[in-house]
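Content type PDB, C-alpha atoms, pLDDT in the B column, from the file query_23.pdb:
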MODEL        1
ATOM      1  CA  MET A 276       0.000   0.000   0.000  1.00 43.00           C
ATOM      2  CA  ASP A 277       1.306   3.441  -0.918  1.00 46.00           C
ATOM      3  CA  SER A 278       2.074   5.647   2.103  1.00 53.00           C
ATOM      4  CA  GLU A 279       0.671   8.586   0.125  1.00 55.00           C
ATOM      5  CA  SER A 280      -2.788   6.953  -0.156  1.00 58.00           C
ATOM      6  CA  PRO A 281      -5.650   9.208   0.890  1.00 69.00           C
ATOM      7  CA  GLN A 282      -7.001   8.633   4.358  1.00 79.00           C
ATOM      8  CA  THR A 283     -10.326   6.814   4.562  1.00 89.00           C
ATOM      9  CA  PHE A 284     -13.135   8.035   6.759  1.00 95.00           C
ATOM     10  CA  THR A 285     -15.924   6.301   8.641  1.00 97.00           C
ATOM     11  CA  LYS A 286     -19.314   7.794   9.471  1.00 98.00           C
ATOM     12  CA  HIS A 287     -19.519   8.141  13.245  1.00 98.00           C
ATOM     13  CA  PHE A 288     -23.076   8.895  14.398  1.00 98.00           C
ATOM     14  CA  GLY A 289     -24.022  11.031  17.362  1.00 98.00           C
ATOM     15  CA  SER A 290     -26.753  12.987  19.065  1.00 98.00           C
ATOM     16  CA  CYS A 291     -27.634  15.099  22.052  1.00 98.00           C
ATOM     17  CA  HIS A 292     -29.253  13.357  25.037  1.00 98.00           C
ATOM     18  CA  CYS A 293     -32.879  13.766  23.889  1.00 98.00           C
ATOM     19  CA  GLU A 294     -31.890  12.948  20.284  1.00 98.00           C
ATOM     20  CA  LYS A 295     -33.607  16.014  18.844  1.00 98.00           C
ATOM     21  CA  ILE A 296     -30.177  16.863  17.409  1.00 98.00           C
ATOM     22  CA  GLN A 297     -28.631  14.077  15.359  1.00 98.00           C
ATOM     23  CA  PHE A 298     -25.545  14.124  13.174  1.00 98.00           C
ATOM     24  CA  TYR A 299     -22.648  12.157  11.832  1.00 98.00           C
ATOM     25  CA  VAL A 300     -19.028  13.062  11.428  1.00 98.00           C
ATOM     26  CA  GLU A 301     -16.626  11.653   8.876  1.00 97.00           C
ATOM     27  CA  ALA A 302     -13.372  10.775  10.617  1.00 97.00           C
ATOM     28  CA  PRO A 303     -10.820   7.956  10.666  1.00 95.00           C
ATOM     29  CA  ASP A 304     -11.766   4.912  12.721  1.00 94.00           C
ATOM     30  CA  SER A 305      -8.278   4.584  14.205  1.00 94.00           C
ATOM     31  CA  GLY A 306      -5.355   6.764  15.173  1.00 94.00           C
ATOM     32  CA  VAL A 307      -7.673   9.583  16.278  1.00 95.00           C
ATOM     33  CA  THR A 308      -6.491  12.121  18.848  1.00 95.00           C
ATOM     34  CA  ILE A 309      -9.116  13.667  21.129  1.00 97.00           C
ATOM     35  CA  GLU A 310      -8.332  16.806  23.134  1.00 95.00           C
ATOM     36  CA  ASP A 311      -9.442  17.151  26.762  1.00 96.00           C
ATOM     37  CA  CYS A 312      -9.347  20.910  27.396  1.00 93.00           C
ATOM     38  CA  ASN A 313      -9.285  22.431  30.879  1.00 93.00           C
ATOM     39  CA  CYS A 314     -10.404  25.964  29.939  1.00 89.00           C
ATOM     40  CA  SER A 315     -13.296  27.490  31.881  1.00 90.00           C
ATOM     41  CA  ILE A 316     -16.116  26.331  29.593  1.00 93.00           C
ATOM     42  CA  CYS A 317     -14.769  22.953  28.438  1.00 91.00           C
ATOM     43  CA  ASN A 318     -13.975  21.954  32.006  1.00 92.00           C
ATOM     44  CA  LYS A 319     -17.519  22.719  33.153  1.00 93.00           C
ATOM     45  CA  LYS A 320     -19.107  20.962  30.137  1.00 92.00           C
ATOM     46  CA  GLY A 321     -16.811  17.933  30.178  1.00 93.00           C
ATOM     47  CA  PHE A 322     -16.269  18.388  26.435  1.00 95.00           C
ATOM     48  CA  LEU A 323     -13.854  16.027  24.655  1.00 97.00           C
ATOM     49  CA  HIS A 324     -12.823  17.516  21.302  1.00 96.00           C
ATOM     50  CA  LEU A 325     -12.763  15.753  17.951  1.00 97.00           C
ATOM     51  CA  ILE A 326     -11.902  18.615  15.566  1.00 96.00           C
ATOM     52  CA  VAL A 327     -12.853  18.231  11.910  1.00 97.00           C
ATOM     53  CA  PRO A 328     -13.282  20.441   8.831  1.00 97.00           C
ATOM     54  CA  LYS A 329     -16.811  21.879   8.494  1.00 97.00           C
ATOM     55  CA  ALA A 330     -17.517  19.712   5.437  1.00 97.00           C
ATOM     56  CA  ARG A 331     -17.109  16.532   7.517  1.00 97.00           C
ATOM     57  CA  LEU A 332     -19.908  17.253  10.020  1.00 98.00           C
ATOM     58  CA  HIS A 333     -23.432  16.515   8.772  1.00 98.00           C
ATOM     59  CA  GLN A 334     -26.405  17.426  10.917  1.00 98.00           C
ATOM     60  CA  THR A 335     -29.285  15.110  10.017  1.00 98.00           C
ATOM     61  CA  LYS A 336     -31.915  16.289  12.479  1.00 98.00           C
ATOM     62  CA  GLY A 337     -32.732  19.298  14.627  1.00 97.00           C
ATOM     63  CA  GLU A 338     -31.175  22.335  12.947  1.00 94.00           C
ATOM     64  CA  ASN A 339     -33.824  24.510  14.593  1.00 97.00           C
ATOM     65  CA  GLU A 340     -33.201  22.850  17.971  1.00 97.00           C
ATOM     66  CA  LEU A 341     -29.805  24.517  18.512  1.00 97.00           C
ATOM     67  CA  ASN A 342     -29.139  27.588  20.627  1.00 97.00           C
ATOM     68  CA  ILE A 343     -25.810  29.413  20.452  1.00 97.00           C
ATOM     69  CA  TYR A 344     -23.770  30.840  23.309  1.00 96.00           C
ATOM     70  CA  THR A 345     -20.732  33.098  22.839  1.00 95.00           C
ATOM     71  CA  PHE A 346     -18.434  34.913  25.237  1.00 94.00           C
ATOM     72  CA  GLY A 347     -15.024  36.612  25.300  1.00 93.00           C
ATOM     73  CA  THR A 348     -13.896  37.091  21.678  1.00 93.00           C
ATOM     74  CA  HIS A 349     -17.238  35.718  20.363  1.00 95.00           C
ATOM     75  CA  VAL A 350     -15.367  33.695  17.724  1.00 94.00           C
ATOM     76  CA  ALA A 351     -16.400  30.363  19.227  1.00 93.00           C
ATOM     77  CA  LYS A 352     -20.060  29.464  18.669  1.00 97.00           C
ATOM     78  CA  HIS A 353     -21.063  27.080  21.461  1.00 96.00           C
ATOM     79  CA  MET A 354     -24.136  25.207  20.228  1.00 96.00           C
ATOM     80  CA  PHE A 355     -26.445  23.328  22.547  1.00 97.00           C
ATOM     81  CA  CYS A 356     -29.808  21.604  22.408  1.00 98.00           C
ATOM     82  CA  LYS A 357     -32.766  23.812  23.409  1.00 98.00           C
ATOM     83  CA  THR A 358     -34.430  20.830  25.098  1.00 98.00           C
ATOM     84  CA  CYS A 359     -31.761  18.815  26.938  1.00 98.00           C
ATOM     85  CA  GLY A 360     -28.916  21.360  27.042  1.00 97.00           C
ATOM     86  CA  VAL A 361     -26.244  18.983  25.716  1.00 97.00           C
ATOM     87  CA  HIS A 362     -23.451  20.484  23.585  1.00 97.00           C
ATOM     88  CA  PRO A 363     -22.907  17.983  20.734  1.00 98.00           C
ATOM     89  CA  PHE A 364     -20.600  20.199  18.630  1.00 98.00           C
ATOM     90  CA  TYR A 365     -19.529  23.803  18.162  1.00 97.00           C
ATOM     91  CA  ILE A 366     -17.338  26.119  16.127  1.00 97.00           C
ATOM     92  CA  PRO A 367     -14.144  26.529  18.180  1.00 95.00           C
ATOM     93  CA  ARG A 368     -12.009  29.637  18.427  1.00 92.00           C
ATOM     94  CA  SER A 369      -8.932  27.491  17.745  1.00 91.00           C
ATOM     95  CA  ASN A 370     -10.405  26.212  14.460  1.00 93.00           C
ATOM     96  CA  PRO A 371     -13.136  28.600  13.272  1.00 95.00           C
ATOM     97  CA  ASP A 372     -13.096  26.949   9.836  1.00 95.00           C
ATOM     98  CA  GLY A 373     -14.165  23.632  11.371  1.00 96.00           C
ATOM     99  CA  PHE A 374     -16.201  21.999  14.104  1.00 97.00           C
ATOM    100  CA  SER A 375     -15.282  20.479  17.399  1.00 97.00           C
ATOM    101  CA  VAL A 376     -17.478  17.454  17.972  1.00 98.00           C
ATOM    102  CA  ASN A 377     -18.098  16.326  21.531  1.00 98.00           C
ATOM    103  CA  PHE A 378     -16.623  12.835  21.501  1.00 98.00           C
ATOM    104  CA  ARG A 379     -18.952  11.954  24.373  1.00 97.00           C
ATOM    105  CA  CYS A 380     -21.944  12.495  22.060  1.00 98.00           C
ATOM    106  CA  LEU A 381     -20.699   9.951  19.502  1.00 98.00           C
ATOM    107  CA  ASP A 382     -21.225   6.204  19.299  1.00 97.00           C
ATOM    108  CA  VAL A 383     -17.599   5.405  20.092  1.00 94.00           C
ATOM    109  CA  SER A 384     -18.047   1.745  19.124  1.00 96.00           C
ATOM    110  CA  THR A 385     -17.236   2.777  15.527  1.00 96.00           C
ATOM    111  CA  PHE A 386     -13.704   3.795  16.560  1.00 96.00           C
ATOM    112  CA  LYS A 387     -11.079   1.039  16.609  1.00 96.00           C
ATOM    113  CA  ASP A 388      -8.724   3.117  18.737  1.00 94.00           C
ATOM    114  CA  TYR A 389      -8.257   6.690  19.889  1.00 96.00           C
ATOM    115  CA  THR A 390      -6.069   8.649  22.262  1.00 95.00           C
ATOM    116  CA  ILE A 391      -7.206  11.351  24.670  1.00 96.00           C
ATOM    117  CA  VAL A 392      -4.585  14.048  25.260  1.00 90.00           C
ATOM    118  CA  LYS A 393      -4.571  16.960  27.680  1.00 89.00           C
ATOM    119  CA  PHE A 394      -5.005  20.442  26.190  1.00 83.00           C
ATOM    120  CA  ASP A 395      -4.027  23.260  28.560  1.00 76.00           C
ATOM    121  CA  GLY A 396      -6.625  25.835  27.627  1.00 79.00           C
ATOM    122  CA  LYS A 397      -6.641  27.298  31.124  1.00 81.00           C
ATOM    123  CA  ASP A 398      -3.059  28.581  31.317  1.00 80.00           C
ATOM    124  CA  ASN A 399      -1.564  28.139  27.822  1.00 75.00           C
ATOM    125  CA  TRP A 400      -4.460  28.472  25.375  1.00 75.00           C
ATOM    126  CA  GLU A 401      -2.593  30.347  22.616  1.00 79.00           C
ATOM    127  CA  SER A 402       0.400  27.989  22.434  1.00 80.00           C
ATOM    128  CA  GLN A 403      -1.829  24.921  22.671  1.00 78.00           C
ATOM    129  CA  ALA A 404      -4.217  26.237  19.980  1.00 79.00           C
ATOM    130  CA  ALA A 405      -1.308  26.632  17.568  1.00 78.00           C
ATOM    131  CA  LEU A 406      -0.629  22.889  17.911  1.00 77.00           C
ATOM    132  CA  ILE A 407      -4.110  21.940  16.664  1.00 81.00           C
ATOM    133  CA  ALA A 408      -4.735  24.699  14.097  1.00 81.00           C
ATOM    134  CA  ASP A 409      -4.354  22.280  11.171  1.00 81.00           C
ATOM    135  CA  LYS A 410      -7.010  19.820  12.409  1.00 82.00           C
ATOM    136  CA  SER A 411      -9.835  21.637  10.604  1.00 81.00           C
ATOM    137  CA  LYS A 412      -8.002  21.734   7.269  1.00 81.00           C
TER     138      LYS A 412
ENDMDL
END

As structure tokens, the full file:
Amino acid sequence: MDSESPQTFTKHFGSCHCEKIQFYVEAPDSGVTIEDCNCSICNKKGFLHLIVPKARLHQTKGENELNIYTFGTHVAKHMFCKTCGVHPFYIPRSNPDGFSVNFRCLDVSTFKDYTIVKFDGKDNWESQAALIADKSK
């Protein structure tokens, strides 16, 4: 197999708790790195980040069921279900050309393996964000 072969993607399905918001994300099924950020909002939400280009997130149900919360620079668009309050995905400040999908909202059985890494968004957000800027490309 050629090492330059294009990466293949699997459809990983997810939803909020009440399932009024449903979606799938196209991502590899192995070798995936998930960020666990400790910034003020991610820490409180328990969000685990799977960052993908916008074209690889497909909302299949509930577009009108999302509310948006912003703060600080207002670049990040934190989306949550109007009914159950779960945050299934959002547009992150670190990757405004993509989405960060809440790994906890996905059916993780479709992943063969993944690694969760610490992301210091509390004390070193800028330097940490530079390390993941290419994930939404």

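If you measure from each of A:Ile316, A:Ile343, A:Ala302, A:Cys380 to Ser411 of chain A using all atoms listed in the file, the closest one turns out to be A:Ala302.
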
**OP:** Give as a ChimeraX atom specification the residues that the PyMOL selection byres ((chain A and resi 307) around 9) matches when applied to the coordinates above.
**Re:** /A:302-306,308-309,325,386,388-391

Subject >> Selection: 10 Å around Cys359 of chain A, all atoms listed in the file, excl. self and same-chain fewer than 6 positions, as an NGL selection string >> reply: :A and (291-296 or 340)

Selected residues written out, C-alpha atoms, as a PDB file, in the frame of the given file:
ATOM      1  CA  CYS A 291     -27.634  15.099  22.052  1.00 98.00           C
ATOM      2  CA  HIS A 292     -29.253  13.357  25.037  1.00 98.00           C
ATOM      3  CA  CYS A 293     -32.879  13.766  23.889  1.00 98.00           C
ATOM      4  CA  GLU A 294     -31.890  12.948  20.284  1.00 98.00           C
ATOM      5  CA  LYS A 295     -33.607  16.014  18.844  1.00 98.00           C
ATOM      6  CA  ILE A 296     -30.177  16.863  17.409  1.00 98.00           C
ATOM      7  CA  GLU A 340     -33.201  22.850  17.971  1.00 97.00           C
TER       8      GLU A 340
END

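For the pair atom CA of Cys312 of chain A and atom CA of Asp398 of chain A, the interatomic distance is 10.7 Å.
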
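The two atoms in question, atom CA of Thr285 of chain A and atom CA of Phe378 of chain A, are spaced 14.4 Å apart.
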
**OP:** Would you work out the distance separating atom CA of Asn377 of chain A from atom CA of Leu341 of chain A, expressed in Å to one decimal?
**Re:** 14.6 Å

The PyMOL selection byres ((chain A and resi 317) around 12) resolved against shown file, as an mmCIF file with C-alpha atoms, in the coordinates of the input:
data_model
loop_
_atom_site.group_PDB
_atom_site.id
_atom_site.type_symbol
_atom_site.label_atom_id
_atom_site.label_comp_id
_atom_site.auth_asym_id
_atom_site.auth_seq_id
_atom_site.Cartn_x
_atom_site.Cartn_y
_atom_site.Cartn_z
ATOM 1 C CA GLU A 310 -8.332 16.806 23.134
ATOM 2 C CA ASP A 311 -9.442 17.151 26.762
ATOM 3 C CA CYS A 312 -9.347 20.910 27.396
ATOM 4 C CA ASN A 313 -9.285 22.431 30.879
ATOM 5 C CA CYS A 314 -10.404 25.964 29.939
ATOM 6 C CA SER A 315 -13.296 27.490 31.881
ATOM 7 C CA ILE A 316 -16.116 26.331 29.593
ATOM 8 C CA ASN A 318 -13.975 21.954 32.006
ATOM 9 C CA LYS A 319 -17.519 22.719 33.153
ATOM 10 C CA LYS A 320 -19.107 20.962 30.137
ATOM 11 C CA GLY A 321 -16.811 17.933 30.178
ATOM 12 C CA PHE A 322 -16.269 18.388 26.435
ATOM 13 C CA LEU A 323 -13.854 16.027 24.655
ATOM 14 C CA HIS A 324 -12.823 17.516 21.302
ATOM 15 C CA ALA A 351 -16.400 30.363 19.227
ATOM 16 C CA HIS A 353 -21.063 27.080 21.461
ATOM 17 C CA HIS A 362 -23.451 20.484 23.585
ATOM 18 C CA PHE A 364 -20.600 20.199 18.630
ATOM 19 C CA TYR A 365 -19.529 23.803 18.162
ATOM 20 C CA PRO A 367 -14.144 26.529 18.180
ATOM 21 C CA SER A 375 -15.282 20.479 17.399
ATOM 22 C CA ASN A 377 -18.098 16.326 21.531
ATOM 23 C CA LYS A 393 -4.571 16.960 27.680
ATOM 24 C CA PHE A 394 -5.005 20.442 26.190
ATOM 25 C CA ASP A 395 -4.027 23.260 28.560
ATOM 26 C CA GLY A 396 -6.625 25.835 27.627
ATOM 27 C CA LYS A 397 -6.641 27.298 31.124
#

**OP:** Using only C-alpha atoms, collect all residues at a distance of at most 7 Å from (-20.6, 12.0, 14.1) as written in the file, then present them as a list of chain:residue names.
**Re:**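 Those residues, ordered by chain and then number, are A:Lys286, A:His287, A:Phe288, A:Gly289, A:Phe298, A:Tyr299, A:Val300, A:Glu301, A:Leu332, A:Leu381.
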
If the box runs along x, y and z of the file and leaves 3 Å on each side of segment 381-386 of chain A, what are its centre and edge lengths in Å, one decimal, as lines of an AutoDock Vina configuration file?
center_x = -17.5
center_y = 5.8
center_z = 17.8
size_x = 13.5
size_y = 14.2
size_z = 10.6

Original post:
How would you write, as a list in words, the residues chosen by the PyMOL selection byres ((chain A and resi 406) around 12) on this structure?
Top reply: Glu310, Ser369, Asn370, Phe394, Asp395, Gly396, Asn399, Trp400, Glu401, Ser402, Gln403, Ala404, Ala405, Ile407, Ala408, Asp409, Lys410 and Ser411 of chain A

**OP:** Name the closest residue to Lys329 of chain A among the candidates A:Asn342, A:Val376, A:Asp382, A:Ser290; distances are taken between atoms, counting all atoms listed in the file.
**Re:**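 Going through A:Asn342, A:Val376, A:Asp382, A:Ser290 one by one, the smallest distance to Lys329 of chain A is for A:Val376.
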
Subject >> Pick from A:Phe374, A:Thr385, A:Val392, A:Pro363, whichever lies nearest to Arg331 of chain A using all atoms listed in the file >> reply: A:Phe374
